[in-house]
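Data from protein-v4.cif: mmCIF, C-alpha atoms, pLDDT in the B column; chains and numbers go by the auth columns
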data_protein
#
loop_
_atom_site.group_PDB
_atom_site.id
_atom_site.type_symbol
_atom_site.label_atom_id
_atom_site.label_comp_id
_atom_site.label_asym_id
_atom_site.label_seq_id
_atom_site.Cartn_x
_atom_site.Cartn_y
_atom_site.Cartn_z
_atom_site.B_iso_or_equiv
_atom_site.auth_seq_id
_atom_site.auth_asym_id
ATOM 1 C CA MET A 1 -6.413 -1.080 -6.240 50.00 1 G
ATOM 2 C CA SER A 2 -3.009 -0.742 -4.568 55.00 2 G
ATOM 3 C CA LYS A 3 -2.558 -1.475 -0.912 70.00 3 G
ATOM 4 C CA LYS A 4 -1.735 1.366 1.459 66.00 4 G
ATOM 5 C CA LEU A 5 1.963 1.906 1.840 83.00 5 G
ATOM 6 C CA TYR A 6 2.444 4.932 4.069 89.00 6 G
ATOM 7 C CA GLN A 7 0.079 6.563 6.532 90.00 7 G
ATOM 8 C CA TYR A 8 0.572 9.989 8.096 90.00 8 G
ATOM 9 C CA ARG A 9 -1.179 12.317 10.513 89.00 9 G
ATOM 10 C CA VAL A 10 -0.923 16.039 11.203 86.00 10 G
ATOM 11 C CA GLU A 11 -1.618 16.232 14.923 80.00 11 G
ATOM 12 C CA VAL A 12 -2.649 19.904 15.139 76.00 12 G
ATOM 13 C CA CYS A 13 -5.645 19.302 12.909 73.00 13 G
ATOM 14 C CA ASN A 14 -6.072 15.510 13.151 73.00 14 G
ATOM 15 C CA TRP A 15 -5.693 15.145 9.381 78.00 15 G
ATOM 16 C CA LYS A 16 -4.718 11.735 8.047 88.00 16 G
ATOM 17 C CA ILE A 17 -3.284 10.786 4.637 90.00 17 G
ATOM 18 C CA GLU A 18 -2.627 7.424 3.073 93.00 18 G
ATOM 19 C CA ILE A 19 -0.228 7.083 0.165 94.00 19 G
ATOM 20 C CA LEU A 20 -0.865 4.062 -2.028 94.00 20 G
ATOM 21 C CA LYS A 21 1.962 1.766 -3.105 92.00 21 G
ATOM 22 C CA HIS A 22 1.852 2.699 -6.803 94.00 22 G
ATOM 23 C CA VAL A 23 1.997 6.421 -5.918 96.00 23 G
ATOM 24 C CA ALA A 24 5.011 5.946 -3.630 93.00 24 G
ATOM 25 C CA LEU A 25 6.733 3.870 -6.302 93.00 25 G
ATOM 26 C CA PHE A 26 6.032 6.527 -8.945 94.00 26 G
ATOM 27 C CA ILE A 27 7.400 9.451 -6.940 94.00 27 G
ATOM 28 C CA SER A 28 10.389 7.415 -5.731 92.00 28 G
ATOM 29 C CA GLN A 29 11.436 7.084 -9.387 91.00 29 G
ATOM 30 C CA HIS A 30 12.140 10.835 -9.290 89.00 30 G
ATOM 31 C CA THR A 31 14.724 10.598 -6.498 90.00 31 G
ATOM 32 C CA GLN A 32 17.875 12.568 -7.262 88.00 32 G
ATOM 33 C CA SER A 33 20.332 9.692 -7.013 78.00 33 G
ATOM 34 C CA ALA A 34 23.419 11.370 -8.455 70.00 34 G
ATOM 35 C CA TRP A 35 25.025 14.798 -8.195 61.00 35 G
ATOM 36 C CA ASN A 36 23.891 16.013 -11.618 55.00 36 G
ATOM 37 C CA PRO A 37 20.144 15.288 -11.872 85.00 37 G
ATOM 38 C CA ASN A 38 17.855 18.251 -11.595 86.00 38 G
ATOM 39 C CA GLU A 39 14.898 18.506 -9.256 83.00 39 G
ATOM 40 C CA SER A 40 11.593 17.027 -10.439 86.00 40 G
ATOM 41 C CA VAL A 41 8.088 18.238 -9.609 90.00 41 G
ATOM 42 C CA GLY A 42 4.532 16.939 -9.840 94.00 42 G
ATOM 43 C CA GLN A 43 1.036 16.940 -8.368 95.00 43 G
ATOM 44 C CA LEU A 44 -0.857 14.661 -5.958 97.00 44 G
ATOM 45 C CA TYR A 45 -4.493 13.626 -6.429 96.00 45 G
ATOM 46 C CA SER A 46 -7.300 12.126 -4.347 95.00 46 G
ATOM 47 C CA ARG A 47 -10.730 10.831 -5.370 94.00 47 G
ATOM 48 C CA ASP A 48 -12.583 11.656 -2.149 90.00 48 G
ATOM 49 C CA LEU A 49 -12.244 14.875 -0.159 86.00 49 G
ATOM 50 C CA ASN A 50 -15.165 14.185 2.173 85.00 50 G
ATOM 51 C CA THR A 51 -13.664 11.636 4.555 82.00 51 G
ATOM 52 C CA ASP A 52 -11.405 11.937 7.586 79.00 52 G
ATOM 53 C CA THR A 53 -8.719 9.979 5.746 86.00 53 G
ATOM 54 C CA HIS A 54 -7.578 11.133 2.350 84.00 54 G
ATOM 55 C CA VAL A 55 -5.998 8.612 0.074 93.00 55 G
ATOM 56 C CA ILE A 56 -3.427 9.839 -2.428 95.00 56 G
ATOM 57 C CA ASP A 57 -4.727 7.837 -5.396 95.00 57 G
ATOM 58 C CA GLN A 58 -2.556 9.276 -8.144 96.00 58 G
ATOM 59 C CA SER A 59 0.548 11.327 -8.792 96.00 59 G
ATOM 60 C CA THR A 60 1.636 12.971 -12.003 94.00 60 G
ATOM 61 C CA PRO A 61 4.827 14.726 -13.090 90.00 61 G
ATOM 62 C CA MET A 62 4.839 18.329 -14.289 88.00 62 G
ATOM 63 C CA MET A 63 7.132 19.605 -16.999 80.00 63 G
ATOM 64 C CA PRO A 64 9.350 22.154 -15.267 77.00 64 G
ATOM 65 C CA GLY A 65 9.800 25.583 -16.799 77.00 65 G
ATOM 66 C CA TRP A 66 13.400 25.162 -15.703 64.00 66 G
ATOM 67 C CA ALA A 67 15.205 22.952 -13.227 73.00 67 G
ATOM 68 C CA ARG A 68 18.552 22.818 -11.476 72.00 68 G
ATOM 69 C CA ARG A 69 20.058 20.535 -8.897 68.00 69 G
ATOM 70 C CA THR A 70 18.596 22.551 -6.030 78.00 70 G
ATOM 71 C CA ARG A 71 15.647 24.381 -7.600 73.00 71 G
ATOM 72 C CA VAL A 72 12.748 23.765 -9.908 78.00 72 G
ATOM 73 C CA GLN A 73 10.102 26.064 -11.324 76.00 73 G
ATOM 74 C CA PHE A 74 6.900 25.150 -13.119 78.00 74 G
ATOM 75 C CA SER A 75 4.138 26.975 -14.944 79.00 75 G
ATOM 76 C CA PRO A 76 1.010 27.518 -12.791 81.00 76 G
ATOM 77 C CA GLY A 77 -1.019 27.555 -16.024 85.00 77 G
ATOM 78 C CA ARG A 78 0.251 24.112 -17.017 87.00 78 G
ATOM 79 C CA ALA A 79 -0.395 22.848 -13.489 86.00 79 G
ATOM 80 C CA MET A 80 -3.991 24.111 -13.682 87.00 80 G
ATOM 81 C CA THR A 81 -4.494 22.489 -17.086 90.00 81 G
ATOM 82 C CA ALA A 82 -3.224 19.164 -15.718 92.00 82 G
ATOM 83 C CA SER A 83 -5.459 19.498 -12.628 91.00 83 G
ATOM 84 C CA LYS A 84 -8.529 20.118 -14.802 94.00 84 G
ATOM 85 C CA LYS A 85 -7.734 17.061 -16.922 96.00 85 G
ATOM 86 C CA MET A 86 -7.430 14.870 -13.810 95.00 86 G
ATOM 87 C CA PHE A 87 -10.603 16.408 -12.334 95.00 87 G
ATOM 88 C CA SER A 88 -12.479 15.234 -15.438 96.00 88 G
ATOM 89 C CA LYS A 89 -11.386 11.723 -14.372 96.00 89 G
ATOM 90 C CA GLY A 90 -12.761 12.208 -10.851 96.00 90 G
ATOM 91 C CA LEU A 91 -9.472 13.162 -9.193 96.00 91 G
ATOM 92 C CA HIS A 92 -8.916 16.295 -7.076 95.00 92 G
ATOM 93 C CA CYS A 93 -5.500 17.934 -6.907 94.00 93 G
ATOM 94 C CA VAL A 94 -4.619 17.969 -3.193 95.00 94 G
ATOM 95 C CA GLY A 95 -0.953 18.894 -3.339 94.00 95 G
ATOM 96 C CA ILE A 96 2.436 18.889 -4.957 94.00 96 G
ATOM 97 C CA TRP A 97 5.656 16.913 -4.692 93.00 97 G
ATOM 98 C CA HIS A 98 9.201 17.665 -5.714 91.00 98 G
ATOM 99 C CA SER A 99 12.654 16.182 -5.220 91.00 99 G
ATOM 100 C CA HIS A 100 15.576 17.430 -3.156 91.00 100 G
ATOM 101 C CA PRO A 101 19.245 16.423 -3.377 89.00 101 G
ATOM 102 C CA GLU A 102 19.430 15.908 0.419 90.00 102 G
ATOM 103 C CA HIS A 103 19.197 12.573 2.243 91.00 103 G
ATOM 104 C CA VAL A 104 16.276 13.415 4.548 93.00 104 G
ATOM 105 C CA PRO A 105 14.368 16.301 2.950 93.00 105 G
ATOM 106 C CA SER A 106 13.316 19.512 4.628 93.00 106 G
ATOM 107 C CA PRO A 107 11.572 22.536 3.087 94.00 107 G
ATOM 108 C CA SER A 108 13.701 25.425 1.863 92.00 108 G
ATOM 109 C CA ARG A 109 12.623 29.065 2.073 92.00 109 G
ATOM 110 C CA ASP A 110 11.440 28.826 -1.560 91.00 110 G
ATOM 111 C CA ASP A 111 9.474 25.681 -0.653 91.00 111 G
ATOM 112 C CA LEU A 112 7.719 27.499 2.196 93.00 112 G
ATOM 113 C CA GLU A 113 6.678 30.285 -0.184 91.00 113 G
ATOM 114 C CA LEU A 114 5.494 27.798 -2.833 89.00 114 G
ATOM 115 C CA ALA A 115 3.450 25.801 -0.308 92.00 115 G
ATOM 116 C CA ALA A 116 1.860 28.982 1.069 93.00 116 G
ATOM 117 C CA ASP A 117 0.993 30.243 -2.428 90.00 117 G
ATOM 118 C CA TYR A 118 -0.451 26.872 -3.456 89.00 118 G
ATOM 119 C CA ALA A 119 -2.521 26.603 -0.233 92.00 119 G
ATOM 120 C CA THR A 120 -3.803 30.162 -0.579 92.00 120 G
ATOM 121 C CA ALA A 121 -4.852 29.539 -4.185 89.00 121 G
ATOM 122 C CA ALA A 122 -6.702 26.355 -3.152 89.00 122 G
ATOM 123 C CA LYS A 123 -8.323 27.885 -0.034 88.00 123 G
ATOM 124 C CA LYS A 124 -11.847 27.963 -1.540 87.00 124 G
ATOM 125 C CA GLN A 125 -11.734 24.212 -2.249 87.00 125 G
ATOM 126 C CA LEU A 126 -9.388 22.787 0.398 87.00 126 G
ATOM 127 C CA SER A 127 -8.543 23.538 4.003 86.00 127 G
ATOM 128 C CA GLY A 128 -4.909 22.640 3.278 89.00 128 G
ATOM 129 C CA ILE A 129 -2.602 21.157 0.668 91.00 129 G
ATOM 130 C CA VAL A 130 -0.208 18.229 0.904 94.00 130 G
ATOM 131 C CA PHE A 131 3.406 19.208 0.332 93.00 131 G
ATOM 132 C CA ALA A 132 5.737 16.248 -0.275 95.00 132 G
ATOM 133 C CA ILE A 133 9.507 16.329 -0.724 94.00 133 G
ATOM 134 C CA ILE A 134 11.476 13.336 -1.982 94.00 134 G
ATOM 135 C CA GLY A 135 14.973 13.017 -0.534 93.00 135 G
ATOM 136 C CA THR A 136 17.736 10.614 -1.519 92.00 136 G
ATOM 137 C CA ALA A 137 17.253 8.216 1.425 91.00 137 G
ATOM 138 C CA PRO A 138 14.987 5.195 0.949 88.00 138 G
ATOM 139 C CA PHE A 139 11.365 5.750 1.893 85.00 139 G
ATOM 140 C CA PRO A 140 9.965 6.434 4.412 85.00 140 G
ATOM 141 C CA SER A 141 12.882 8.499 5.812 86.00 141 G
ATOM 142 C CA GLY A 142 13.473 9.938 2.342 90.00 142 G
ATOM 143 C CA LEU A 143 9.854 11.083 2.016 93.00 143 G
ATOM 144 C CA GLY A 144 8.884 14.264 3.855 94.00 144 G
ATOM 145 C CA ILE A 145 5.185 15.097 4.111 94.00 145 G
ATOM 146 C CA TRP A 146 3.717 18.382 5.293 94.00 146 G
ATOM 147 C CA VAL A 147 0.369 20.152 5.047 94.00 147 G
ATOM 148 C CA HIS A 148 0.071 23.886 4.491 94.00 148 G
ATOM 149 C CA ASP A 149 -3.196 25.481 5.617 91.00 149 G
ATOM 150 C CA GLY A 150 -2.565 28.857 3.989 90.00 150 G
ATOM 151 C CA THR A 151 -0.940 30.208 7.135 92.00 151 G
ATOM 152 C CA LEU A 152 1.440 27.560 8.477 92.00 152 G
ATOM 153 C CA LEU A 153 3.266 24.483 7.250 93.00 153 G
ATOM 154 C CA HIS A 154 2.587 21.493 9.535 93.00 154 G
ATOM 155 C CA GLN A 155 4.778 18.395 9.484 92.00 155 G
ATOM 156 C CA ALA A 156 2.917 15.133 9.128 92.00 156 G
ATOM 157 C CA ASN A 157 3.996 12.249 11.347 88.00 157 G
ATOM 158 C CA SER A 158 4.271 8.676 10.173 86.00 158 G
ATOM 159 C CA LEU A 159 1.876 6.195 11.705 83.00 159 G
ATOM 160 C CA LYS A 160 3.008 2.661 12.504 63.00 160 G
ATOM 161 C CA PRO A 161 2.939 0.675 9.266 57.00 161 G
ATOM 162 C CA SER A 162 0.430 -2.145 9.039 46.00 162 G
ATOM 163 C CA VAL A 163 1.652 -5.730 8.639 40.00 163 G
ATOM 164 C CA GLN A 164 0.985 -5.603 4.882 41.00 164 G
ATOM 165 C CA ASN A 165 3.233 -2.554 4.581 41.00 165 G
ATOM 166 C CA GLU A 166 6.147 -3.506 6.827 39.00 166 G
ATOM 167 C CA GLU A 167 7.975 -5.311 4.015 38.00 167 G
ATOM 168 C CA HIS A 168 8.099 -2.022 2.072 36.00 168 G
ATOM 169 C CA CYS A 169 9.326 0.140 4.946 34.00 169 G
ATOM 170 C CA VAL A 170 13.055 0.562 5.367 33.00 170 G
ATOM 171 C CA ALA A 171 12.696 2.156 8.802 28.00 171 G
ATOM 172 C CA HIS A 172 9.899 3.780 10.762 27.00 172 G
ATOM 173 C CA GLN A 173 10.593 7.528 10.697 30.00 173 G
ATOM 174 C CA ASN A 174 8.833 10.621 11.992 30.00 174 G
ATOM 175 C CA ARG A 175 7.092 11.395 8.684 31.00 175 G
ATOM 176 C CA ALA A 176 3.439 11.563 7.797 34.00 176 G
ATOM 177 C CA CYS A 177 0.439 11.202 5.548 31.00 177 G
ATOM 178 C CA VAL A 178 -2.327 13.795 5.691 34.00 178 G
ATOM 179 C CA ASN A 179 -6.068 14.165 5.153 32.00 179 G
ATOM 180 C CA ILE A 180 -7.561 17.191 3.430 40.00 180 G
ATOM 181 C CA LYS A 181 -11.112 18.255 4.266 40.00 181 G
ATOM 182 C CA SER A 182 -13.000 19.906 1.446 41.00 182 G
ATOM 183 C CA ASN A 183 -14.190 23.427 2.172 43.00 183 G
ATOM 184 C CA THR A 184 -17.136 22.892 -0.122 40.00 184 G
ATOM 185 C CA SER A 185 -20.117 20.742 0.743 36.00 185 G
ATOM 186 C CA ARG A 186 -21.691 18.412 -1.777 32.00 186 G
#
Show how you would write the structure in this file as structure tokens.
Amino acid sequence: MSKKLYQYRVEVCNWKIEILKHVALFISQHTQSAWNPNESVGQLYSRDLNTDTHVIDQSTPMMPGWARRTRVQFSPGRAMTASKKMFSKGLHCVGIWHSHPEHVPSPSRDDLELAADYATAAKKQLSGIVFAIIGTAPFPSGLGIWVHDGTLLHQANSLKPSVQNEEHCVAHQNRACVNIKSNTSR
């Protein structure tokens, strides 16, 4: 299993997220590094929703319905199909990621609406969804992490990297990794 690479916390709800090295490497491959590339989009998955720390174990791309330099749209039906396939492998969809053409990413108005819609749709299973945006700066400053609880988008704050992770961190930034509590009991 990959070592932890980035750890984040959302202070208002004490959620914690850990993003594994192979996940960070995968999503970083979708950075918009030139003027022409279109935005990319995908989903984030975790095996265990019943701990205080949620580990992002897997990330997958989604085929966009259409994409431009500053916008991307995907089919909710295709996203659901992909989520069901991953669920059959023991992985729970806990959020989405997409790229932005800006150095340090921040959510657009469309992003806020998408995160709210996604969180509302997942409300029966999750108390919030992870919303990640990949900027053009090296990680961690180029990786923005938020959690949407269906009402508000909360920025996640980066925790101090552990010794094993320091070699991968370009600079310690105010970014975060979040934990999602399941709304269902098992």
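Among the candidates G:Ala82, G:Ile17, G:Val23, G:Ile134, the residue lying nearest to G:Glu39 is G:Ile134 (atoms considered: only C-alpha atoms).
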Would you mind telling me which residue in G:Arg71, G:His54, G:Lys89, G:Arg78 lies nearest to G:Val130 when using all atoms listed in the file? G:His54
Got a sec: who's within 10 Å of G:Ser28, counting only C-alpha atoms, leaving out chain neighbours fewer than 6 positions off, as number ranges by chain? G: 22, 99, 134-139, 142-143
Shortest interatomic distance to G:Arg9 - which of G:Gln43, G:Thr53, G:Val94, G:Phe131, counting all atoms listed in the file: G:Thr53
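Interatomic distance, atom CA of G:Ala156 to atom CA of G:Ser46: 17.2 Å.
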Around all the atoms of stretch 73-84 of chain G listed in the file, draw an axis-aligned box and extend it by 6 Å on each of the six sides; I want its centre and edge lengths in Å to one decimal, as lines of an AutoDock Vina configuration file.
center_x = 0.8
center_y = 23.4
center_z = -14.2
size_x = 30.6
size_y = 20.4
size_z = 17.8
By how many Å are atom CA of G:Asn14 and atom CA of G:Ser88 apart?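 Between atom CA of G:Asn14 and atom CA of G:Ser88 the gap works out to 29.3 Å.
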